[in-house]
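run.cif, holding mmCIF, C-alpha atoms:
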data_query
loop_
_atom_site.label_atom_id
_atom_site.label_comp_id
_atom_site.auth_asym_id
_atom_site.auth_seq_id
_atom_site.Cartn_x
_atom_site.Cartn_y
_atom_site.Cartn_z
CA MET A 1 0.00 0.00 0.00
CA LYS A 2 1.16 3.51 -0.77
CA ASN A 3 1.48 5.87 2.16
CA ILE A 4 -1.68 7.57 3.29
CA LYS A 5 -0.66 11.05 2.16
CA ASP A 6 -0.06 9.81 -1.40
CA ILE A 7 -3.39 7.97 -1.34
CA LEU A 8 -5.26 11.07 -0.18
CA THR A 9 -3.43 13.32 -2.61
CA SER A 10 -4.32 11.00 -5.48
CA ARG A 11 -7.98 10.89 -4.38
CA HIS A 12 -10.03 13.57 -6.11
CA ALA A 13 -13.62 14.20 -7.06
CA THR A 14 -13.64 12.23 -10.30
CA THR A 15 -16.08 13.75 -12.75
CA ILE A 16 -15.42 11.46 -15.70
CA PHE A 17 -14.81 7.76 -15.29
CA ASP A 18 -13.41 5.31 -17.80
CA ASP A 19 -16.69 3.57 -18.47
CA GLU A 20 -15.07 0.39 -19.70
CA LYS A 21 -13.31 -0.32 -16.41
CA ILE A 22 -15.45 -2.17 -13.91
CA ILE A 23 -14.69 -2.50 -10.20
CA SER A 24 -14.36 -6.12 -9.01
CA ASP A 25 -17.00 -7.60 -6.71
CA ASP A 26 -14.33 -8.08 -4.01
CA ILE A 27 -13.45 -4.39 -3.96
CA ILE A 28 -17.12 -3.35 -3.96
CA ASN A 29 -17.56 -5.66 -0.97
CA ASP A 30 -14.60 -4.03 0.83
CA ILE A 31 -16.12 -0.60 0.19
CA LEU A 32 -19.50 -1.74 1.54
CA VAL A 33 -17.87 -3.32 4.60
CA SER A 34 -16.15 -0.01 5.35
CA GLY A 35 -19.60 1.60 5.42
CA GLN A 36 -21.03 -1.21 7.51
CA LEU A 37 -18.25 -0.92 10.12
CA SER A 38 -18.39 2.89 10.32
CA PRO A 39 -19.18 4.55 13.63
CA SER A 40 -22.58 6.17 14.10
CA SER A 41 -24.25 8.19 16.84
CA PHE A 42 -25.38 5.78 19.61
CA GLY A 43 -24.42 2.91 17.28
CA LEU A 44 -27.81 3.25 15.57
CA GLU A 45 -26.49 2.82 11.98
CA PRO A 46 -29.23 5.03 10.52
CA TRP A 47 -28.44 3.94 6.97
CA ARG A 48 -28.60 1.44 4.21
CA PHE A 49 -26.63 1.31 0.99
CA ILE A 50 -27.99 0.88 -2.52
CA VAL A 51 -25.51 -0.26 -5.16
CA LEU A 52 -26.60 0.68 -8.67
CA LYS A 53 -24.75 -1.02 -11.51
CA ASN A 54 -26.80 -0.71 -14.64
CA LYS A 55 -25.83 1.72 -17.39
CA GLU A 56 -29.42 2.29 -18.53
CA LYS A 57 -30.57 3.12 -15.03
CA GLN A 58 -27.48 5.26 -14.41
CA LYS A 59 -28.33 7.28 -17.53
CA GLU A 60 -31.89 7.60 -16.28
CA MET A 61 -30.63 8.85 -12.92
CA GLU A 62 -28.17 11.39 -14.36
CA PRO A 63 -30.72 14.18 -15.01
CA MET A 64 -31.93 13.81 -11.39
CA CYS A 65 -28.32 14.66 -10.44
CA TYR A 66 -28.30 17.85 -12.50
CA HIS A 67 -26.69 16.01 -15.44
CA GLN A 68 -23.36 15.40 -13.72
CA PRO A 69 -21.53 13.02 -16.09
CA GLN A 70 -19.97 10.88 -13.37
CA VAL A 71 -23.38 9.22 -12.82
CA SER A 72 -23.49 7.47 -16.18
CA SER A 73 -19.75 6.92 -16.60
CA ALA A 74 -19.16 5.33 -13.18
CA SER A 75 -18.70 1.60 -12.72
CA HIS A 76 -21.00 1.54 -9.69
CA ILE A 77 -23.08 4.15 -7.87
CA ILE A 78 -23.52 3.76 -4.13
CA ILE A 79 -26.42 5.69 -2.65
CA LEU A 80 -26.23 6.20 1.10
CA VAL A 81 -29.83 6.14 2.26
CA ALA A 82 -30.59 7.71 5.64
CA ARG A 83 -33.42 6.44 7.84
CA THR A 84 -35.51 8.73 9.99
CA ASP A 85 -37.70 6.32 11.98
CA PHE A 86 -36.51 7.42 15.41
CA ASN A 87 -39.73 8.87 16.75
CA GLU A 88 -41.71 7.76 19.75
CA ASN A 89 -43.64 4.95 18.09
CA ASP A 90 -40.86 3.65 15.86
CA THR A 91 -39.32 0.32 16.81
CA TYR A 92 -35.89 0.61 15.17
CA ILE A 93 -34.11 1.88 18.31
CA ASP A 94 -35.34 -1.20 20.20
CA GLU A 95 -34.19 -3.50 17.39
CA CYS A 96 -30.71 -1.95 17.66
CA ILE A 97 -30.55 -2.21 21.42
CA ASN A 98 -31.79 -5.81 21.49
CA ARG A 99 -28.45 -6.76 19.94
CA TYR A 100 -26.52 -5.87 23.09
CA ASN A 101 -26.02 -7.86 26.27
CA GLU A 102 -25.72 -4.70 28.34
CA ASN A 103 -28.34 -2.84 30.36
CA GLN A 104 -30.84 -2.36 27.58
CA GLU A 105 -33.30 -0.39 29.67
CA LYS A 106 -30.69 2.25 30.49
CA MET A 107 -29.49 2.43 26.87
CA THR A 108 -33.05 2.84 25.61
CA LYS A 109 -33.73 5.62 28.09
CA THR A 110 -30.56 7.53 27.14
CA ILE A 111 -31.29 7.29 23.44
CA ARG A 112 -35.00 8.08 23.74
CA THR A 113 -34.10 11.17 25.81
CA PHE A 114 -31.71 12.28 23.06
CA PHE A 115 -34.43 12.02 20.43
CA THR A 116 -36.89 13.89 22.64
CA TYR A 117 -34.54 16.88 22.42
CA THR A 118 -33.44 16.33 18.81
CA LYS A 119 -35.65 18.31 16.49
CA ASP A 120 -33.69 17.63 13.35
CA ILE A 121 -33.52 13.87 12.89
CA LYS A 122 -32.93 14.24 9.13
CA ASN A 123 -29.70 16.16 9.60
CA TRP A 124 -28.64 13.88 12.44
CA ALA A 125 -29.07 10.85 10.16
CA SER A 126 -27.39 12.36 7.12
CA HIS A 127 -24.35 13.38 9.19
CA GLN A 128 -23.89 9.71 10.07
CA CYS A 129 -24.14 8.77 6.39
CA TYR A 130 -21.34 11.21 5.61
CA ILE A 131 -19.03 9.29 7.97
CA ALA A 132 -19.87 6.01 6.22
CA GLY A 133 -19.45 7.69 2.83
CA ALA A 134 -16.04 9.12 3.74
CA ASN A 135 -14.89 5.67 4.82
CA MET A 136 -16.14 4.14 1.57
CA MET A 137 -14.21 6.72 -0.46
CA MET A 138 -11.07 6.22 1.63
CA VAL A 139 -11.18 2.44 1.19
CA GLY A 140 -11.83 2.98 -2.50
CA ALA A 141 -8.75 5.23 -2.68
CA ILE A 142 -6.63 2.65 -0.84
CA LYS A 143 -7.69 0.11 -3.48
CA GLU A 144 -7.00 2.66 -6.27
CA VAL A 145 -10.69 3.09 -6.99
CA ASP A 146 -11.86 6.65 -7.69
CA SER A 147 -15.03 8.27 -6.47
CA CYS A 148 -16.96 11.52 -6.36
CA PRO A 149 -19.08 12.54 -3.36
CA MET A 150 -22.30 14.14 -4.59
CA ALA A 151 -24.94 16.05 -2.70
CA GLY A 152 -26.11 17.79 -5.87
CA PHE A 153 -29.24 15.84 -6.78
CA ASP A 154 -32.99 16.13 -6.46
CA PRO A 155 -33.70 14.07 -3.33
CA LYS A 156 -37.39 13.63 -4.14
CA LYS A 157 -36.76 12.34 -7.66
CA VAL A 158 -33.86 10.12 -6.59
CA GLY A 159 -35.96 8.77 -3.70
CA GLU A 160 -38.81 7.86 -6.06
CA PHE A 161 -36.41 6.39 -8.61
CA LEU A 162 -34.88 4.12 -5.97
CA LYS A 163 -38.28 3.32 -4.44
CA LEU A 164 -37.19 4.47 -0.98
CA LYS A 165 -39.54 3.97 1.95
CA GLU A 166 -41.38 6.86 3.55
CA ASN A 167 -38.92 7.03 6.44
CA GLU A 168 -35.87 7.15 4.16
CA PHE A 169 -34.10 9.71 2.00
CA PRO A 170 -30.93 9.75 -0.09
CA ALA A 171 -28.19 11.49 1.93
CA LEU A 172 -25.24 11.08 -0.38
CA VAL A 173 -24.68 9.68 -3.87
CA ILE A 174 -21.19 8.35 -4.60
CA PRO A 175 -20.19 7.19 -8.06
CA PHE A 176 -17.19 4.82 -7.97
CA GLY A 177 -14.97 3.76 -10.86
CA TYR A 178 -11.63 4.42 -12.50
CA ARG A 179 -10.59 7.89 -13.65
CA ALA A 180 -10.62 8.61 -17.38
CA LYS A 181 -7.85 11.21 -17.02
CA GLU A 182 -5.52 12.62 -14.41
CA PRO A 183 -6.88 15.51 -12.34
CA ARG A 184 -5.41 18.98 -11.94
CA ASP A 185 -3.04 19.48 -9.02
CA LYS A 186 -4.75 19.41 -5.64
CA VAL A 187 -5.67 22.80 -4.18
CA ARG A 188 -5.79 22.98 -0.38
CA TRP A 189 -5.09 25.54 2.32
CA ASP A 190 -1.75 25.04 4.05
CA LEU A 191 -1.91 23.21 7.37
CA GLU A 192 -0.55 26.35 9.07
CA LYS A 193 -3.62 28.28 7.96
CA ILE A 194 -6.19 25.76 9.16
CA VAL A 195 -4.63 24.23 12.29
CA GLU A 196 -4.39 25.82 15.73
CA PHE A 197 -2.54 24.07 18.55
CA ILE A 198 -3.56 24.66 22.16
CA LYS A 199 -0.87 23.24 24.41
CA MET B 1 -0.43 -2.53 7.31
CA LYS B 2 -3.22 -4.85 8.42
CA ASN B 3 -6.04 -5.35 5.97
CA ILE B 4 -8.74 -2.73 5.97
CA LYS B 5 -11.45 -4.96 7.43
CA ASP B 6 -9.26 -5.78 10.45
CA ILE B 7 -8.44 -2.08 10.88
CA LEU B 8 -12.10 -1.08 10.79
CA THR B 9 -13.12 -3.94 13.07
CA SER B 10 -10.50 -2.91 15.60
CA ARG B 11 -11.61 0.75 15.43
CA HIS B 12 -14.24 1.52 18.06
CA ALA B 13 -15.53 4.51 19.95
CA THR B 14 -12.90 4.54 22.69
CA THR B 15 -14.37 5.89 25.91
CA ILE B 16 -11.33 5.46 28.15
CA PHE B 17 -7.81 6.12 26.92
CA ASP B 18 -4.55 5.11 28.53
CA ASP B 19 -3.63 8.60 29.67
CA GLU B 20 0.06 7.84 29.87
CA LYS B 21 0.38 7.04 26.16
CA ILE B 22 0.93 10.06 23.96
CA ILE B 23 0.53 10.13 20.18
CA SER B 24 3.70 11.15 18.31
CA ASP B 25 3.82 14.48 16.48
CA ASP B 26 4.31 12.63 13.19
CA ILE B 27 1.09 10.68 13.58
CA ILE B 28 -0.84 13.79 14.67
CA ASN B 29 0.46 15.45 11.52
CA ASP B 30 -0.74 12.51 9.37
CA ILE B 31 -4.16 12.76 10.99
CA LEU B 32 -4.34 16.51 10.31
CA VAL B 33 -3.18 16.04 6.71
CA SER B 34 -6.00 13.53 6.18
CA GLY B 35 -8.42 16.26 7.25
CA GLN B 36 -6.69 18.86 5.10
CA LEU B 37 -6.87 16.63 2.00
CA SER B 38 -10.50 15.63 2.52
CA PRO B 39 -13.08 16.47 -0.13
CA SER B 40 -15.60 19.21 0.54
CA SER B 41 -18.59 20.64 -1.27
CA PHE B 42 -17.33 22.95 -4.07
CA GLY B 43 -13.82 22.53 -2.60
CA LEU B 44 -14.60 25.26 -0.08
CA GLU B 45 -12.97 23.51 2.92
CA PRO B 46 -15.41 25.10 5.39
CA TRP B 47 -13.34 24.05 8.38
CA ARG B 48 -10.35 24.48 10.59
CA PHE B 49 -8.91 22.09 13.16
CA ILE B 50 -8.00 22.87 16.75
CA VAL B 51 -5.65 20.43 18.45
CA LEU B 52 -5.95 20.51 22.22
CA LYS B 53 -3.18 18.79 24.18
CA ASN B 54 -3.24 20.06 27.71
CA LYS B 55 -4.58 17.89 30.54
CA GLU B 56 -5.78 20.85 32.63
CA LYS B 57 -7.71 22.30 29.71
CA GLN B 58 -9.04 18.89 28.75
CA LYS B 59 -10.39 18.47 32.29
CA GLU B 60 -11.93 21.92 32.02
CA MET B 61 -13.59 20.96 28.74
CA GLU B 62 -14.95 17.62 29.96
CA PRO B 63 -18.06 19.01 31.71
CA MET B 64 -18.93 20.90 28.49
CA CYS B 65 -19.00 17.45 26.86
CA TYR B 66 -21.45 16.07 29.41
CA HIS B 67 -18.59 14.61 31.48
CA GLN B 68 -17.57 12.00 28.90
CA PRO B 69 -14.29 10.60 30.29
CA GLN B 70 -12.56 10.32 26.92
CA VAL B 71 -12.04 14.10 26.93
CA SER B 72 -9.62 14.16 29.84
CA SER B 73 -8.01 10.76 29.25
CA ALA B 74 -7.22 11.33 25.54
CA SER B 75 -3.73 12.13 24.32
CA HIS B 76 -5.01 14.86 21.97
CA ILE B 77 -8.46 16.30 21.23
CA ILE B 78 -9.13 17.52 17.70
CA ILE B 79 -12.05 19.89 17.36
CA LEU B 80 -13.39 20.25 13.83
CA VAL B 81 -14.56 23.83 13.62
CA ALA B 82 -17.06 24.65 10.86
CA ARG B 83 -17.16 28.09 9.24
CA THR B 84 -20.38 29.72 8.12
CA ASP B 85 -19.21 32.86 6.32
CA PHE B 86 -20.76 32.05 2.97
CA ASN B 87 -23.29 34.84 2.75
CA GLU B 88 -23.50 37.59 0.18
CA ASN B 89 -20.99 39.95 1.74
CA ASP B 90 -18.50 37.36 2.94
CA THR B 91 -15.22 37.12 1.06
CA TYR B 92 -14.19 33.55 1.81
CA ILE B 93 -15.67 32.07 -1.38
CA ASP B 94 -13.58 34.52 -3.43
CA GLU B 95 -10.45 33.64 -1.45
CA CYS B 96 -11.05 29.97 -2.29
CA ILE B 97 -11.68 30.59 -5.96
CA ASN B 98 -8.67 32.88 -6.36
CA ARG B 99 -6.52 29.78 -5.88
CA TYR B 100 -7.62 28.28 -9.20
CA ASN B 101 -6.43 28.99 -12.72
CA GLU B 102 -9.81 28.11 -14.17
CA ASN B 103 -12.70 30.35 -15.13
CA GLN B 104 -13.12 32.03 -11.77
CA GLU B 105 -16.12 34.09 -12.78
CA LYS B 106 -18.11 30.99 -13.74
CA MET B 107 -17.07 29.16 -10.55
CA THR B 108 -18.07 32.10 -8.40
CA LYS B 109 -21.45 32.33 -10.09
CA THR B 110 -22.18 28.61 -9.64
CA ILE B 111 -21.24 28.68 -5.97
CA ARG B 112 -23.01 31.95 -5.20
CA THR B 113 -26.16 30.54 -6.83
CA PHE B 114 -25.91 27.48 -4.60
CA PHE B 115 -25.73 29.61 -1.48
CA THR B 116 -28.65 31.73 -2.63
CA TYR B 117 -30.77 28.57 -2.46
CA THR B 118 -29.10 27.04 0.60
CA LYS B 119 -30.95 28.06 3.70
CA ASP B 120 -29.03 25.86 6.07
CA ILE B 121 -25.36 26.79 5.80
CA LYS B 122 -24.63 25.43 9.30
CA ASN B 123 -25.68 21.93 8.40
CA TRP B 124 -23.98 22.15 5.02
CA ALA B 125 -20.70 23.08 6.76
CA SER B 126 -20.91 20.49 9.51
CA HIS B 127 -21.58 17.72 6.98
CA GLN B 128 -18.25 18.59 5.35
CA CYS B 129 -16.53 18.44 8.75
CA TYR B 130 -17.88 14.93 9.25
CA ILE B 131 -16.07 13.81 6.09
CA ALA B 132 -12.79 15.28 7.36
CA GLY B 133 -13.42 13.76 10.80
CA ALA B 134 -14.08 10.31 9.35
CA ASN B 135 -10.82 10.49 7.41
CA MET B 136 -8.93 11.55 10.53
CA MET B 137 -10.32 8.58 12.46
CA MET B 138 -9.56 6.20 9.61
CA VAL B 139 -5.96 7.38 9.36
CA GLY B 140 -5.72 7.14 13.14
CA ALA B 141 -6.97 3.54 12.96
CA ILE B 142 -4.45 2.69 10.21
CA LYS B 143 -1.72 4.00 12.54
CA GLU B 144 -3.23 2.05 15.49
CA VAL B 145 -4.42 5.24 17.16
CA ASP B 146 -7.86 5.10 18.75
CA SER B 147 -10.52 7.76 18.66
CA CYS B 148 -14.08 8.58 19.62
CA PRO B 149 -16.33 10.79 17.48
CA MET B 150 -18.38 13.05 19.74
CA ALA B 151 -21.33 15.26 18.92
CA GLY B 152 -22.47 15.25 22.55
CA PHE B 153 -21.23 18.61 23.82
CA ASP B 154 -22.59 22.07 24.52
CA PRO B 155 -21.62 23.94 21.32
CA LYS B 156 -21.97 27.37 22.91
CA LYS B 157 -19.75 26.55 25.88
CA VAL B 158 -17.17 24.74 23.74
CA GLY B 159 -17.18 27.64 21.27
CA GLU B 160 -16.50 30.15 24.05
CA PHE B 161 -13.87 27.91 25.62
CA LEU B 162 -11.99 27.68 22.32
CA LYS B 163 -12.52 31.36 21.55
CA LEU B 164 -14.14 30.62 18.19
CA LYS B 165 -15.01 33.50 15.90
CA GLU B 166 -18.59 34.61 15.34
CA ASN B 167 -18.81 32.79 12.02
CA GLU B 168 -17.58 29.48 13.46
CA PHE B 169 -18.97 26.64 15.54
CA PRO B 170 -17.64 23.29 16.77
CA ALA B 171 -19.06 20.57 14.50
CA LEU B 172 -17.33 17.51 15.89
CA VAL B 173 -15.01 16.80 18.82
CA ILE B 174 -12.68 13.82 18.42
CA PRO B 175 -10.46 12.62 21.26
CA PHE B 176 -7.50 10.59 19.99
CA GLY B 177 -5.22 8.33 22.01
CA TYR B 178 -4.56 4.70 22.88
CA ARG B 179 -7.23 2.45 24.34
CA ALA B 180 -6.98 1.57 28.03
CA LYS B 181 -8.77 -1.76 27.49
CA GLU B 182 -10.11 -3.88 24.68
CA PRO B 183 -13.67 -3.13 23.56
CA ARG B 184 -16.59 -5.54 23.47
CA ASP B 185 -17.18 -7.36 20.19
CA LYS B 186 -18.39 -5.13 17.38
CA VAL B 187 -22.14 -5.08 16.83
CA ARG B 188 -23.29 -4.32 13.28
CA TRP B 189 -26.16 -5.28 11.01
CA ASP B 190 -25.25 -7.93 8.44
CA LEU B 191 -24.40 -6.60 4.99
CA GLU B 192 -27.38 -8.56 3.61
CA LYS B 193 -29.72 -6.49 5.77
CA ILE B 194 -28.34 -3.09 4.78
CA VAL B 195 -27.27 -3.50 1.15
CA GLU B 196 -29.54 -3.59 -1.91
CA PHE B 197 -28.12 -4.26 -5.37
CA ILE B 198 -29.81 -2.83 -8.44
CA LYS B 199 -28.33 -4.50 -11.52
#
Mind turning this structure into structure tokens?
Amino acid sequence: MKNIKDILTSRHATTIFDDEKIISDDIINDILVSGQLSPSSFGLEPWRFIVLKNKEKQKEMEPMCYHQPQVSSASHIIILVARTDFNENDTYIDECINRYNENQEKMTKTIRTFFTYTKDIKNWASHQCYIAGANMMMVGAIKEVDSCPMAGFDPKKVGEFLKLKENEFPALVIPFGYRAKEPRDKVRWDLEKIVEFIK
Amino acid sequence: MKNIKDILTSRHATTIFDDEKIISDDIINDILVSGQLSPSSFGLEPWRFIVLKNKEKQKEMEPMCYHQPQVSSASHIIILVARTDFNENDTYIDECINRYNENQEKMTKTIRTFFTYTKDIKNWASHQCYIAGANMMMVGAIKEVDSCPMAGFDPKKVGEFLKLKENEFPALVIPFGYRAKEPRDKVRWDLEKIVEFIK
């Protein structure tokens, strides 16, 4: 493996993929596992992942993503779907907690209290999806697979297209594949500008 | 390097660190670089990173984080600070765009249009910080450094404590260090439950 700085420098938002190069099933599995094993608030994993690998359907989805060409040229699209069923009568929190051997009553109370005060469950859930998405892109980069994180899409149209449930919405769309050309040099603020040490 | 599945399985939200083990400056630098090189919406890097390494100050901060013990026992705390100065009269977008050789006028117009329609700049910015935070934790894990992503803190108190500017807020607090004990087995939904393939 290359060193992590080289990997992250090589990673870039790939807008045109080589549409003849297909990612292997093993690598797609590694990318999905990195999402699965990601941390989430209270361990609630408020997500599921849809893997779209069908050129016709990718072309159909592209206009819903404001015609960004990475949607049709990618090898695979992974859509990180956030779930929002964390209200009083929803059972998903209990399903999560039933997996633990610990004091489930106490865990339930802590989490239920959090949701009593949390007005914005949608943003809470999509933040968690961004962690999983970042891990997927990092593991892709380690395996020399390119990607492009996309929040620029019509969530209603994409949700209907993917037949999402009522308590779900698409938080992040990530095309994965192999770059068609090398990117421009990376532009970033110097560390000195963005880091403050308090010792 | 171990394989990525082992690394991600070993990674866990570490709630008690061995407070005698200190992360090397080189590894802290790698972690910061992984944040610096993270992708962000429109490449605007709406973040800066504060590294807190001072036991007295960590103890002072712990009650602002609802007394979570990882704050005082960690080797370093990295606070991902989101910036919100993306309104009409703010100059940060121009500063970012001035770094490119491309058609700056067109880029500015696209981004300004986005912000005209974006009501929720705070959530937009904190989502970007979550990507940088996930990369920091991943690079930590690759280097066998433990971490704990925390959104459970009083943002107003933490903001005052860190003397943040008016256009900034703490999006994510991540203690880094070395685990004091091994965690329980990882609990996650099976891939079959959370992944849907559309072929």
What residues in chain B have any atom no more than 7 Å from chain A when counting all atoms listed in the file, and can you write them as a ChimeraX atom specification? /B:8-9,34,36-37,48-54,127,130-131,134-135,188,191,194-199
For this file, the PyMOL selection byres ((chain A and resi 167) around 8) selects which residues, as a PDB file with C-alpha atoms, in the coordinates of the input?
ATOM      1  CA  ARG A  83     -33.420   6.440   7.840  1.00  0.00           C
ATOM      2  CA  THR A  84     -35.510   8.730   9.990  1.00  0.00           C
ATOM      3  CA  ASP A  85     -37.700   6.320  11.980  1.00  0.00           C
ATOM      4  CA  LYS A 165     -39.540   3.970   1.950  1.00  0.00           C
ATOM      5  CA  GLU A 166     -41.380   6.860   3.550  1.00  0.00           C
ATOM      6  CA  GLU A 168     -35.870   7.150   4.160  1.00  0.00           C
ATOM      7  CA  PHE A 169     -34.100   9.710   2.000  1.00  0.00           C
TER       8      PHE A 169
END
So what do you get for atom CA of Phe176 of chain A versus atom CA of Ala82 of chain A, distance-wise? 19.3 Å
Nearest to Tyr178 of chain B by atom-to-atom distance, counting only C-alpha atoms, from B:Thr91, B:Gln104, B:Ser72, B:Thr14: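 For Tyr178 of chain B, the nearest of the candidates is B:Thr14.
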Counting all atoms listed in the file, which residues come within 9 Å of (-4.6, 6.7, 24.1), with the point read in the file's coordinates, and could you list them as a list in words?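 Looking at atoms near the point gives Thr14, Ile16, Phe17, Asp18, Asp19, Glu20, Lys21, Ile22, Ile23, Ser73, Ala74, Ser75, His76, Val145, Asp146, Ser147, Pro175, Phe176, Gly177, Tyr178, Arg179 and Ala180 of chain B.
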Distance in Å - atom CA of Ile174 of chain B versus atom CA of Ala141 of chain B: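 Result for atom CA of Ile174 of chain B versus atom CA of Ala141 of chain B: 13.0 Å, one decimal.
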Option closest in space to Lys157 of chain B, from B:Val71, B:Cys65, B:Ile121, B:Ile97 [counting all atoms listed in the file]: B:Cys65
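Atom pair atom CA of Ala125 of chain B / atom CA of Phe115 of chain A has a distance of 22.3 Å (rounded to one decimal).
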